[in-house]
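K.L.:
Take this structure, written in structure tokens, and hold onto it; I'll ask about it next.
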Amino acid sequence: MKPRLAILYEHPRWFEGLFAELRARGIAFDEWKAESLALDPERTEWPDLVLNRMSPSAHWRGHGCAQFAVLEMLRLLAARRAEVINGAAAYEVEISKLRQLEIFARCGLRSPRTRAANSAAVLLQAAAALKFPVIVKPNCGGSGSGMLRCDSPRDLEQRVAEIDFGADNVVLVQEYHAPLTGFIQRVEVLGGEVLYGLRIEATAFNLCPADACAPGQRRVERFEPPPQIATSALAVARAARLDVGGVEYLEDAAGAQPLFYDINALSNFVAGAESVVGFNPTARFVDYLQRRLDALCWAHA
């Protein structure tokens with residue numbers, strides 16, 4: 001019997017390419033829609049492999065009910081010893097930028113100075129320790145959702161009513177650093193190896209390079225991560241228990257030093273991938289899924 005694959009996801013468009021590639025290869029899968037989950041702790045039969053593709057920005061699409069139900073599902077799967085790609089440990093990092101900063105520190109990497117708070121009053125106090133301008137962003141967020149820049153303490157105070165504290169009611173305030181040449185860098189990893197690197201023009205807070213989430217036009221270029229950066233990205237992936245995802249950093253225009261600021265466990269890959277990076281990363285991702293399924297097949301033989 002072929003191993004059973006289930007895909008846990010929320011966004012209605014981001015995985016059309018993945019689904020099409022799986023169907024083209026005859027790989028059957030179940031769709032678990034995160035906004036309509038039913039958790040059954042008494043269930044005894046589970047898929048052989050579960051792929052977690054849940055987004056941390058679901059709150060801004062009216063699917064906040066899914067954000068932490070998914071974590072409970074992933075913990076249940078872990079308790080049942082089900083095989084999961086980007087399981088509970090990786091998802092806990094995905095939905096907490098504070099945990100991401102802790103991962104970077106654990107790996108000996110620099111990050112922008114940051115404070116966090118769960119109320120506007122405390123946020124204003126916390127920001128007093130930082131150098132302006134600052135970026136305010138939800139602890140649980142993605143694709144630029146809920147982010148704003150404040151250039152002074154007064155600016156922050158006047159705009160505090162605009163702040164969306166997100167799904168977990170925690171918001172970060174972080175010192176802003178202008179990226180060298182106006183680009184940030186993203187290193188995609190898959191199965192313990194670097195898949196490719198991108199330079200993305202930082203024209204907005206939403207720096208997602210995929211078709212379905214990149215508004216307007218921005219320059220996206222492939223680059224070869226230097227050995228030290230590649231080593232750092234892979235160390236972050238290991239520390240975050242990340243099977244697939246992206247690690248983002250910028251080179252500070254003031255000091256040209258890498259500052260790591262985001263771990264993205266939900267990797268949608270770059271739009272027009274074959275012209276940008278020279279190959280189809282979705283196809284390679286499905287190769288990886290097939291290897292995982294094949295390994296399970298041998299284990300069950």
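Residues are named by chain letter and number: chains run A, B, ... in the order of the structure tokens, numbers start at 1 in each chain, and ligands are numbered from 1 in the order shown.
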Would you list the contacts of A:Trp46 as a PyMOL selection string, taking every protein, DNA or RNA residue within 12 Å and counting only C-alpha atoms, but skipping same-chain residues closer than 4 positions in sequence?
P.N.:
chain A and resi 3-6+30+39-42+50+73+76-84
K.L.:
Would you mind listing, for every residue of stretch 141-182 of chain A within 7 Å of stretch 56-62 of chain A, the two atoms forming the shortest contact and the distance between them in Å to one decimal, using only C-alpha atoms, sorted by chain and ascending residue number, as JSON lines?
P.N.:
```
{"residue": "A:Gly141", "atom": "CA", "partner": "A:Ser57", "partner_atom": "CA", "distance": 4.8}
{"residue": "A:Gly142", "atom": "CA", "partner": "A:Ser57", "partner_atom": "CA", "distance": 4.8}
{"residue": "A:Ser143", "atom": "CA", "partner": "A:Ser57", "partner_atom": "CA", "distance": 6.9}
{"residue": "A:Ser145", "atom": "CA", "partner": "A:Ser57", "partner_atom": "CA", "distance": 6.8}
{"residue": "A:Gly166", "atom": "CA", "partner": "A:His59", "partner_atom": "CA", "distance": 7.0}
{"residue": "A:Ala167", "atom": "CA", "partner": "A:His59", "partner_atom": "CA", "distance": 6.0}
```
K.L.:
Output the selection as an mmCIF file, in the first residue's frame - C-alpha atoms for each residue.
P.N.:
```
data_model
loop_
_atom_site.group_PDB
_atom_site.id
_atom_site.type_symbol
_atom_site.label_atom_id
_atom_site.label_comp_id
_atom_site.auth_asym_id
_atom_site.auth_seq_id
_atom_site.Cartn_x
_atom_site.Cartn_y
_atom_site.Cartn_z
ATOM 1 C CA GLY A 141 2.423 37.766 11.260
ATOM 2 C CA GLY A 142 3.668 37.455 7.718
ATOM 3 C CA SER A 143 3.673 39.060 4.254
ATOM 4 C CA SER A 145 0.690 42.258 7.609
ATOM 5 C CA GLY A 166 -2.336 40.242 15.808
ATOM 6 C CA ALA A 167 -3.565 36.784 16.672
#
```
K.L.:
So that I can see what lies close to A:Ile95, please list as a PyMOL selection string the residues with an atom at most 10 Å from it, counting only C-alpha atoms and leaving out residues fewer than 6 positions away in the same chain.
P.N.:
chain A and resi 54-57+67-68+71+138-142+167-168+263-265
K.L.:
Check the DSSP output for the backbone and give back, as a list in words, the residues of stretch 96-185 of chain A in alpha helix (DSSP H).
P.N.:
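Written out, the alpha helix (DSSP H) residues of stretch 96-185 of chain A are Lys97, Leu98, Arg99, Gln100, Leu101, Glu102, Ile103, Phe104, Ala105, Arg106, Ala120, Ala121, Val122, Leu123, Leu124, Gln125, Ala126, Ala127, Pro153, Arg154, Asp155, Leu156, Glu157, Gln158 and Arg159 of chain A.
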K.L.:
Print the selection's residues with N, CA and C atoms to a file, as a short mmCIF file (atom, residue, chain, number, x, y, z; two decimals), in the first residue's frame.
P.N.:
```cif
data_model
loop_
_atom_site.label_atom_id
_atom_site.label_comp_id
_atom_site.auth_asym_id
_atom_site.auth_seq_id
_atom_site.Cartn_x
_atom_site.Cartn_y
_atom_site.Cartn_z
N LYS A 97 7.80 35.83 16.25
CA LYS A 97 9.04 36.52 15.87
C LYS A 97 9.98 36.63 17.07
N LEU A 98 9.45 36.61 18.28
CA LEU A 98 10.31 36.59 19.45
C LEU A 98 11.13 35.30 19.49
N ARG A 99 10.51 34.18 19.19
CA ARG A 99 11.24 32.92 19.16
C ARG A 99 12.28 32.93 18.05
N GLN A 100 11.96 33.57 16.94
CA GLN A 100 12.92 33.67 15.84
C GLN A 100 14.17 34.42 16.30
N LEU A 101 13.97 35.52 17.03
CA LEU A 101 15.12 36.27 17.53
C LEU A 101 15.95 35.43 18.48
N GLU A 102 15.30 34.60 19.29
CA GLU A 102 16.01 33.72 20.21
C GLU A 102 16.84 32.70 19.43
N ILE A 103 16.28 32.19 18.32
CA ILE A 103 17.02 31.24 17.47
C ILE A 103 18.27 31.91 16.91
N PHE A 104 18.12 33.12 16.39
CA PHE A 104 19.27 33.83 15.84
C PHE A 104 20.36 34.02 16.91
N ALA A 105 19.93 34.43 18.11
CA ALA A 105 20.90 34.63 19.19
C ALA A 105 21.59 33.31 19.54
N ARG A 106 20.83 32.22 19.57
CA ARG A 106 21.40 30.91 19.89
C ARG A 106 22.44 30.51 18.85
N ALA A 120 -0.70 48.83 24.36
CA ALA A 120 -0.14 50.06 23.78
C ALA A 120 0.69 50.82 24.79
N ALA A 121 0.23 50.88 26.03
CA ALA A 121 0.95 51.65 27.06
C ALA A 121 2.33 51.07 27.30
N VAL A 122 2.41 49.76 27.42
CA VAL A 122 3.70 49.12 27.66
C VAL A 122 4.60 49.25 26.43
N LEU A 123 3.99 49.23 25.25
CA LEU A 123 4.77 49.36 24.02
C LEU A 123 5.48 50.70 23.96
N LEU A 124 4.80 51.76 24.33
CA LEU A 124 5.41 53.09 24.32
C LEU A 124 6.58 53.14 25.31
N GLN A 125 6.43 52.50 26.45
CA GLN A 125 7.54 52.45 27.41
C GLN A 125 8.71 51.66 26.85
N ALA A 126 8.40 50.53 26.23
CA ALA A 126 9.46 49.68 25.70
C ALA A 126 10.24 50.37 24.60
N ALA A 127 9.54 51.12 23.76
CA ALA A 127 10.17 51.79 22.63
C ALA A 127 11.15 52.87 23.08
N PRO A 153 9.42 59.05 18.69
CA PRO A 153 8.50 58.64 19.76
C PRO A 153 7.13 59.29 19.63
N ARG A 154 7.09 60.55 19.23
CA ARG A 154 5.80 61.22 19.05
C ARG A 154 5.00 60.58 17.91
N ASP A 155 5.69 60.23 16.84
CA ASP A 155 5.03 59.56 15.72
C ASP A 155 4.40 58.25 16.19
N LEU A 156 5.14 57.47 16.98
CA LEU A 156 4.62 56.22 17.51
C LEU A 156 3.41 56.47 18.40
N GLU A 157 3.50 57.46 19.27
CA GLU A 157 2.39 57.76 20.18
C GLU A 157 1.14 58.16 19.41
N GLN A 158 1.31 58.94 18.34
CA GLN A 158 0.16 59.40 17.57
C GLN A 158 -0.47 58.28 16.74
N ARG A 159 0.31 57.24 16.43
CA ARG A 159 -0.19 56.18 15.56
C ARG A 159 -0.53 54.89 16.33
#
```
K.L.:
For A:Ala20, please output as a PyMOL selection string all residues within 12 Å (counting only C-alpha atoms; exclusion window: fewer than 5 positions along the same chain).
P.N.:
chain A and resi 13-15+25-29+282-283+286
K.L.:
Just give me the gap between atom CA of A:Gly192 and atom CA of A:Ala233 in Å, one decimal is fine.
P.N.:
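Value for the atom CA of A:Gly192-atom CA of A:Ala233 distance: 9.8 Å.
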K.L.:
Step one, run DSSP on the backbone; step two, keep only residues of stretch 110-271 of chain A assigned to strand (DSSP E or B); then write them as an mmCIF file with N, CA, C and O atoms, in the first residue's frame.
P.N.:
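The resulting file, selection_23.cif, is shown below:
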```cif
data_model
loop_
_atom_site.group_PDB
_atom_site.id
_atom_site.type_symbol
_atom_site.label_atom_id
_atom_site.label_comp_id
_atom_site.auth_asym_id
_atom_site.auth_seq_id
_atom_site.Cartn_x
_atom_site.Cartn_y
_atom_site.Cartn_z
ATOM 1 N N THR A 114 15.258 44.872 19.710
ATOM 2 C CA THR A 114 13.818 44.673 19.685
ATOM 3 C C THR A 114 13.254 44.646 21.103
ATOM 4 O O THR A 114 13.918 44.184 22.036
ATOM 5 N N ARG A 115 12.037 45.146 21.245
ATOM 6 C CA ARG A 115 11.252 44.988 22.462
ATOM 7 C C ARG A 115 9.874 44.476 22.062
ATOM 8 O O ARG A 115 9.471 44.608 20.913
ATOM 9 N N ALA A 116 9.146 43.902 23.026
ATOM 10 C CA ALA A 116 7.805 43.386 22.742
ATOM 11 C C ALA A 116 6.875 43.774 23.872
ATOM 12 O O ALA A 116 7.299 43.991 25.021
ATOM 13 N N ALA A 117 5.576 43.858 23.550
ATOM 14 C CA ALA A 117 4.582 44.244 24.544
ATOM 15 C C ALA A 117 3.219 43.702 24.141
ATOM 16 O O ALA A 117 2.986 43.373 22.975
ATOM 17 N N VAL A 134 11.721 53.217 14.088
ATOM 18 C CA VAL A 134 11.468 51.839 14.483
ATOM 19 C C VAL A 134 10.398 51.241 13.571
ATOM 20 O O VAL A 134 9.634 51.963 12.918
ATOM 21 N N ILE A 135 10.378 49.919 13.532
ATOM 22 C CA ILE A 135 9.324 49.169 12.852
ATOM 23 C C ILE A 135 8.469 48.505 13.920
ATOM 24 O O ILE A 135 9.001 47.881 14.840
ATOM 25 N N VAL A 136 7.163 48.655 13.792
ATOM 26 C CA VAL A 136 6.229 47.959 14.677
ATOM 27 C C VAL A 136 5.612 46.818 13.873
ATOM 28 O O VAL A 136 5.158 47.018 12.744
ATOM 29 N N LYS A 137 5.623 45.607 14.453
ATOM 30 C CA LYS A 137 5.076 44.466 13.724
ATOM 31 C C LYS A 137 4.517 43.432 14.691
ATOM 32 O O LYS A 137 5.038 43.254 15.801
ATOM 33 N N PRO A 138 3.452 42.727 14.274
ATOM 34 C CA PRO A 138 2.882 41.692 15.131
ATOM 35 C C PRO A 138 3.872 40.546 15.350
ATOM 36 O O PRO A 138 4.639 40.196 14.452
ATOM 37 N N LEU A 148 4.151 48.750 10.506
ATOM 38 C CA LEU A 148 4.248 50.178 10.220
ATOM 39 C C LEU A 148 5.580 50.707 10.729
ATOM 40 O O LEU A 148 6.189 50.139 11.628
ATOM 41 N N ARG A 149 5.999 51.818 10.119
ATOM 42 C CA ARG A 149 7.252 52.476 10.521
ATOM 43 C C ARG A 149 6.924 53.771 11.246
ATOM 44 O O ARG A 149 6.051 54.526 10.808
ATOM 45 N N CYS A 150 7.619 54.026 12.349
ATOM 46 C CA CYS A 150 7.457 55.259 13.108
ATOM 47 C C CYS A 150 8.821 55.922 13.234
ATOM 48 O O CYS A 150 9.797 55.286 13.635
ATOM 49 N N VAL A 171 2.995 42.466 20.190
ATOM 50 C CA VAL A 171 3.569 43.231 19.088
ATOM 51 C C VAL A 171 5.021 43.565 19.409
ATOM 52 O O VAL A 171 5.390 43.728 20.573
ATOM 53 N N LEU A 172 5.849 43.595 18.362
ATOM 54 C CA LEU A 172 7.258 43.935 18.509
ATOM 55 C C LEU A 172 7.502 45.346 18.016
ATOM 56 O O LEU A 172 6.873 45.797 17.055
ATOM 57 N N VAL A 173 8.424 46.031 18.672
ATOM 58 C CA VAL A 173 8.951 47.292 18.158
ATOM 59 C C VAL A 173 10.455 47.087 18.000
ATOM 60 O O VAL A 173 11.137 46.624 18.911
ATOM 61 N N GLN A 174 10.955 47.400 16.805
ATOM 62 C CA GLN A 174 12.307 46.989 16.424
ATOM 63 C C GLN A 174 13.014 48.136 15.717
ATOM 64 O O GLN A 174 12.413 48.826 14.889
ATOM 65 N N GLU A 175 14.275 48.345 16.032
ATOM 66 C CA GLU A 175 15.031 49.411 15.376
ATOM 67 C C GLU A 175 15.111 49.157 13.879
ATOM 68 O O GLU A 175 15.371 48.034 13.441
ATOM 69 N N PRO A 179 18.519 48.749 4.410
ATOM 70 C CA PRO A 179 19.357 47.718 3.774
ATOM 71 C C PRO A 179 20.296 48.317 2.735
ATOM 72 O O PRO A 179 19.919 49.203 1.969
ATOM 73 N N PHE A 183 18.257 46.278 -0.958
ATOM 74 C CA PHE A 183 17.828 44.885 -1.097
ATOM 75 C C PHE A 183 18.014 44.143 0.226
ATOM 76 O O PHE A 183 18.971 44.380 0.961
ATOM 77 N N ILE A 184 17.096 43.204 0.500
ATOM 78 C CA ILE A 184 17.306 42.229 1.567
ATOM 79 C C ILE A 184 17.687 40.902 0.913
ATOM 80 O O ILE A 184 17.516 40.736 -0.299
ATOM 81 N N GLN A 185 18.204 39.985 1.710
ATOM 82 C CA GLN A 185 18.615 38.681 1.197
ATOM 83 C C GLN A 185 17.777 37.577 1.850
ATOM 84 O O GLN A 185 17.477 37.662 3.056
ATOM 85 N N ARG A 186 17.427 36.581 1.053
ATOM 86 C CA ARG A 186 16.660 35.438 1.552
ATOM 87 C C ARG A 186 17.337 34.161 1.078
ATOM 88 O O ARG A 186 17.632 34.019 -0.108
ATOM 89 N N VAL A 187 17.573 33.247 2.003
ATOM 90 C CA VAL A 187 18.187 31.962 1.692
ATOM 91 C C VAL A 187 17.137 30.878 1.910
ATOM 92 O O VAL A 187 16.623 30.715 3.026
ATOM 93 N N GLU A 188 16.793 30.162 0.852
ATOM 94 C CA GLU A 188 15.828 29.071 0.929
ATOM 95 C C GLU A 188 16.564 27.769 1.219
ATOM 96 O O GLU A 188 17.589 27.466 0.591
ATOM 97 N N VAL A 189 16.031 27.005 2.171
ATOM 98 C CA VAL A 189 16.636 25.728 2.525
ATOM 99 C C VAL A 189 15.608 24.612 2.355
ATOM 100 O O VAL A 189 14.407 24.829 2.514
ATOM 101 N N LEU A 190 16.091 23.435 2.024
ATOM 102 C CA LEU A 190 15.229 22.275 1.843
ATOM 103 C C LEU A 190 16.000 21.019 2.219
ATOM 104 O O LEU A 190 17.065 20.753 1.660
ATOM 105 N N GLU A 193 19.773 21.413 3.068
ATOM 106 C CA GLU A 193 20.662 21.993 2.060
ATOM 107 C C GLU A 193 20.122 23.343 1.600
ATOM 108 O O GLU A 193 18.908 23.593 1.662
ATOM 109 N N VAL A 194 21.017 24.194 1.131
ATOM 110 C CA VAL A 194 20.593 25.464 0.541
ATOM 111 C C VAL A 194 19.993 25.183 -0.829
ATOM 112 O O VAL A 194 20.619 24.536 -1.671
ATOM 113 N N LEU A 195 18.773 25.675 -1.050
ATOM 114 C CA LEU A 195 18.105 25.490 -2.330
ATOM 115 C C LEU A 195 18.487 26.606 -3.294
ATOM 116 O O LEU A 195 18.855 26.355 -4.440
ATOM 117 N N TYR A 196 18.387 27.848 -2.843
ATOM 118 C CA TYR A 196 18.840 29.005 -3.626
ATOM 119 C C TYR A 196 18.831 30.236 -2.727
ATOM 120 O O TYR A 196 18.292 30.221 -1.619
ATOM 121 N N GLY A 197 19.424 31.303 -3.218
ATOM 122 C CA GLY A 197 19.401 32.589 -2.529
ATOM 123 C C GLY A 197 18.773 33.647 -3.408
ATOM 124 O O GLY A 197 18.883 33.594 -4.641
ATOM 125 N N LEU A 198 18.103 34.608 -2.779
ATOM 126 C CA LEU A 198 17.473 35.716 -3.498
ATOM 127 C C LEU A 198 17.872 37.045 -2.893
ATOM 128 O O LEU A 198 18.070 37.158 -1.675
ATOM 129 N N ARG A 199 17.982 38.033 -3.753
ATOM 130 C CA ARG A 199 18.049 39.432 -3.331
ATOM 131 C C ARG A 199 16.711 40.053 -3.725
ATOM 132 O O ARG A 199 16.319 40.013 -4.902
ATOM 133 N N ILE A 200 15.991 40.645 -2.763
ATOM 134 C CA ILE A 200 14.654 41.183 -2.998
ATOM 135 C C ILE A 200 14.657 42.674 -2.693
ATOM 136 O O ILE A 200 15.073 43.094 -1.598
ATOM 137 N N GLU A 201 14.198 43.454 -3.642
ATOM 138 C CA GLU A 201 14.152 44.900 -3.472
ATOM 139 C C GLU A 201 13.167 45.260 -2.365
ATOM 140 O O GLU A 201 11.997 44.859 -2.399
ATOM 141 N N VAL A 220 13.722 41.127 -8.128
ATOM 142 C CA VAL A 220 14.107 39.916 -7.417
ATOM 143 C C VAL A 220 15.199 39.248 -8.233
ATOM 144 O O VAL A 220 15.029 38.986 -9.423
ATOM 145 N N GLU A 221 16.337 38.990 -7.595
ATOM 146 C CA GLU A 221 17.494 38.441 -8.302
ATOM 147 C C GLU A 221 18.057 37.252 -7.524
ATOM 148 O O GLU A 221 18.022 37.224 -6.289
ATOM 149 N N ARG A 222 18.572 36.290 -8.253
ATOM 150 C CA ARG A 222 19.263 35.190 -7.591
ATOM 151 C C ARG A 222 20.649 35.652 -7.152
ATOM 152 O O ARG A 222 21.289 36.467 -7.819
ATOM 153 N N PHE A 223 21.099 35.133 -6.028
ATOM 154 C CA PHE A 223 22.493 35.337 -5.639
ATOM 155 C C PHE A 223 22.992 34.074 -4.950
ATOM 156 O O PHE A 223 22.213 33.269 -4.452
ATOM 157 N N VAL A 244 11.806 22.814 5.516
ATOM 158 C CA VAL A 244 11.795 23.665 4.324
ATOM 159 C C VAL A 244 11.417 25.067 4.770
ATOM 160 O O VAL A 244 10.585 25.253 5.652
ATOM 161 N N GLY A 245 12.054 26.080 4.169
ATOM 162 C CA GLY A 245 11.716 27.457 4.538
ATOM 163 C C GLY A 245 12.794 28.435 4.134
ATOM 164 O O GLY A 245 13.783 28.070 3.480
ATOM 165 N N GLY A 246 12.598 29.674 4.533
ATOM 166 C CA GLY A 246 13.521 30.737 4.182
ATOM 167 C C GLY A 246 14.055 31.460 5.409
ATOM 168 O O GLY A 246 13.357 31.574 6.425
ATOM 169 N N VAL A 247 15.289 31.921 5.323
ATOM 170 C CA VAL A 247 15.928 32.711 6.377
ATOM 171 C C VAL A 247 16.308 34.052 5.758
ATOM 172 O O VAL A 247 16.997 34.073 4.725
ATOM 173 N N GLU A 248 15.864 35.137 6.362
ATOM 174 C CA GLU A 248 16.083 36.461 5.780
ATOM 175 C C GLU A 248 17.026 37.299 6.630
ATOM 176 O O GLU A 248 16.981 37.248 7.868
ATOM 177 N N TYR A 249 17.848 38.076 5.935
ATOM 178 C CA TYR A 249 18.751 38.998 6.608
ATOM 179 C C TYR A 249 18.955 40.208 5.705
ATOM 180 O O TYR A 249 18.591 40.214 4.520
ATOM 181 N N LEU A 250 19.493 41.250 6.291
ATOM 182 C CA LEU A 250 19.857 42.424 5.504
ATOM 183 C C LEU A 250 21.259 42.852 5.889
ATOM 184 O O LEU A 250 21.749 42.541 6.982
ATOM 185 N N GLU A 251 21.898 43.526 4.967
ATOM 186 C CA GLU A 251 23.204 44.123 5.241
ATOM 187 C C GLU A 251 22.962 45.585 5.562
ATOM 188 O O GLU A 251 22.462 46.339 4.725
ATOM 189 N N ASP A 252 23.265 45.954 6.779
ATOM 190 C CA ASP A 252 23.010 47.300 7.268
ATOM 191 C C ASP A 252 23.784 48.323 6.441
ATOM 192 O O ASP A 252 24.998 48.225 6.303
ATOM 193 N N PRO A 258 25.655 41.763 8.382
ATOM 194 C CA PRO A 258 24.386 41.046 8.257
ATOM 195 C C PRO A 258 23.580 41.088 9.550
ATOM 196 O O PRO A 258 24.111 40.821 10.634
ATOM 197 N N LEU A 259 22.304 41.440 9.412
ATOM 198 C CA LEU A 259 21.361 41.438 10.519
ATOM 199 C C LEU A 259 20.245 40.463 10.149
ATOM 200 O O LEU A 259 19.514 40.677 9.180
ATOM 201 N N PHE A 260 20.088 39.395 10.909
ATOM 202 C CA PHE A 260 19.062 38.392 10.636
ATOM 203 C C PHE A 260 17.775 38.790 11.341
ATOM 204 O O PHE A 260 17.800 39.139 12.530
ATOM 205 N N TYR A 261 16.663 38.724 10.626
ATOM 206 C CA TYR A 261 15.429 39.246 11.212
ATOM 207 C C TYR A 261 14.193 38.390 10.980
ATOM 208 O O TYR A 261 13.147 38.646 11.591
ATOM 209 N N ASP A 262 14.229 37.343 10.132
ATOM 210 C CA ASP A 262 13.001 36.589 9.878
ATOM 211 C C ASP A 262 13.309 35.149 9.496
ATOM 212 O O ASP A 262 14.246 34.875 8.738
ATOM 213 N N ILE A 263 12.482 34.240 10.038
ATOM 214 C CA ILE A 263 12.489 32.834 9.646
ATOM 215 C C ILE A 263 11.112 32.545 9.071
ATOM 216 O O ILE A 263 10.099 32.750 9.742
ATOM 217 N N ASN A 264 11.077 32.086 7.835
ATOM 218 C CA ASN A 264 9.806 31.858 7.144
ATOM 219 C C ASN A 264 9.663 30.376 6.842
ATOM 220 O O ASN A 264 10.242 29.866 5.896
#
```
K.L.:
In Å, rounded to a single decimal, give me how far atom CA of A:Glu162 is from atom CA of A:Ala129.
P.N.:
21.3 Å
K.L.:
Could you pull the residues within 8 Å of A:Trp32, counting only C-alpha atoms, minus those fewer than 5 positions along the same chain, as a tab-separated table (two decimals) with N, CA and C atoms, in the first residue's frame?
P.N.:
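Result went into selection-v8.tsv, see below:
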```
chain	number	residue	atom	x	y	z
A	6	ALA	N	-0.98	13.88	3.63
A	6	ALA	CA	-1.97	14.92	3.90
A	6	ALA	C	-1.27	16.27	3.91
A	7	ILE	N	-1.94	17.30	3.38
A	7	ILE	CA	-1.37	18.65	3.35
A	7	ILE	C	-2.28	19.57	4.15
A	8	LEU	N	-1.71	20.16	5.18
A	8	LEU	CA	-2.42	21.07	6.09
A	8	LEU	C	-2.12	22.49	5.64
A	9	TYR	N	-3.16	23.24	5.24
A	9	TYR	CA	-2.92	24.57	4.68
A	9	TYR	C	-4.13	25.46	4.91
A	37	LEU	N	-10.82	22.74	10.93
A	37	LEU	CA	-10.23	21.53	11.49
A	37	LEU	C	-11.14	20.90	12.53
```
K.L.:
Choose the residue, out of A:Leu18, A:Glu274, A:Ala239, A:Pro12, that has the smallest atom-to-atom separation from A:Ala34; count only C-alpha atoms.
P.N.:
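The answer is A:Pro12, which sits nearest to A:Ala34.
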K.L.:
Would you please work out which residue, of A:Asn86, A:Asn52, A:Gln290, A:Gln257, is nearest to A:Glu21 when using only C-alpha atoms?
P.N.:
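Answer, going by the shortest atom-to-atom distance: A:Gln290.
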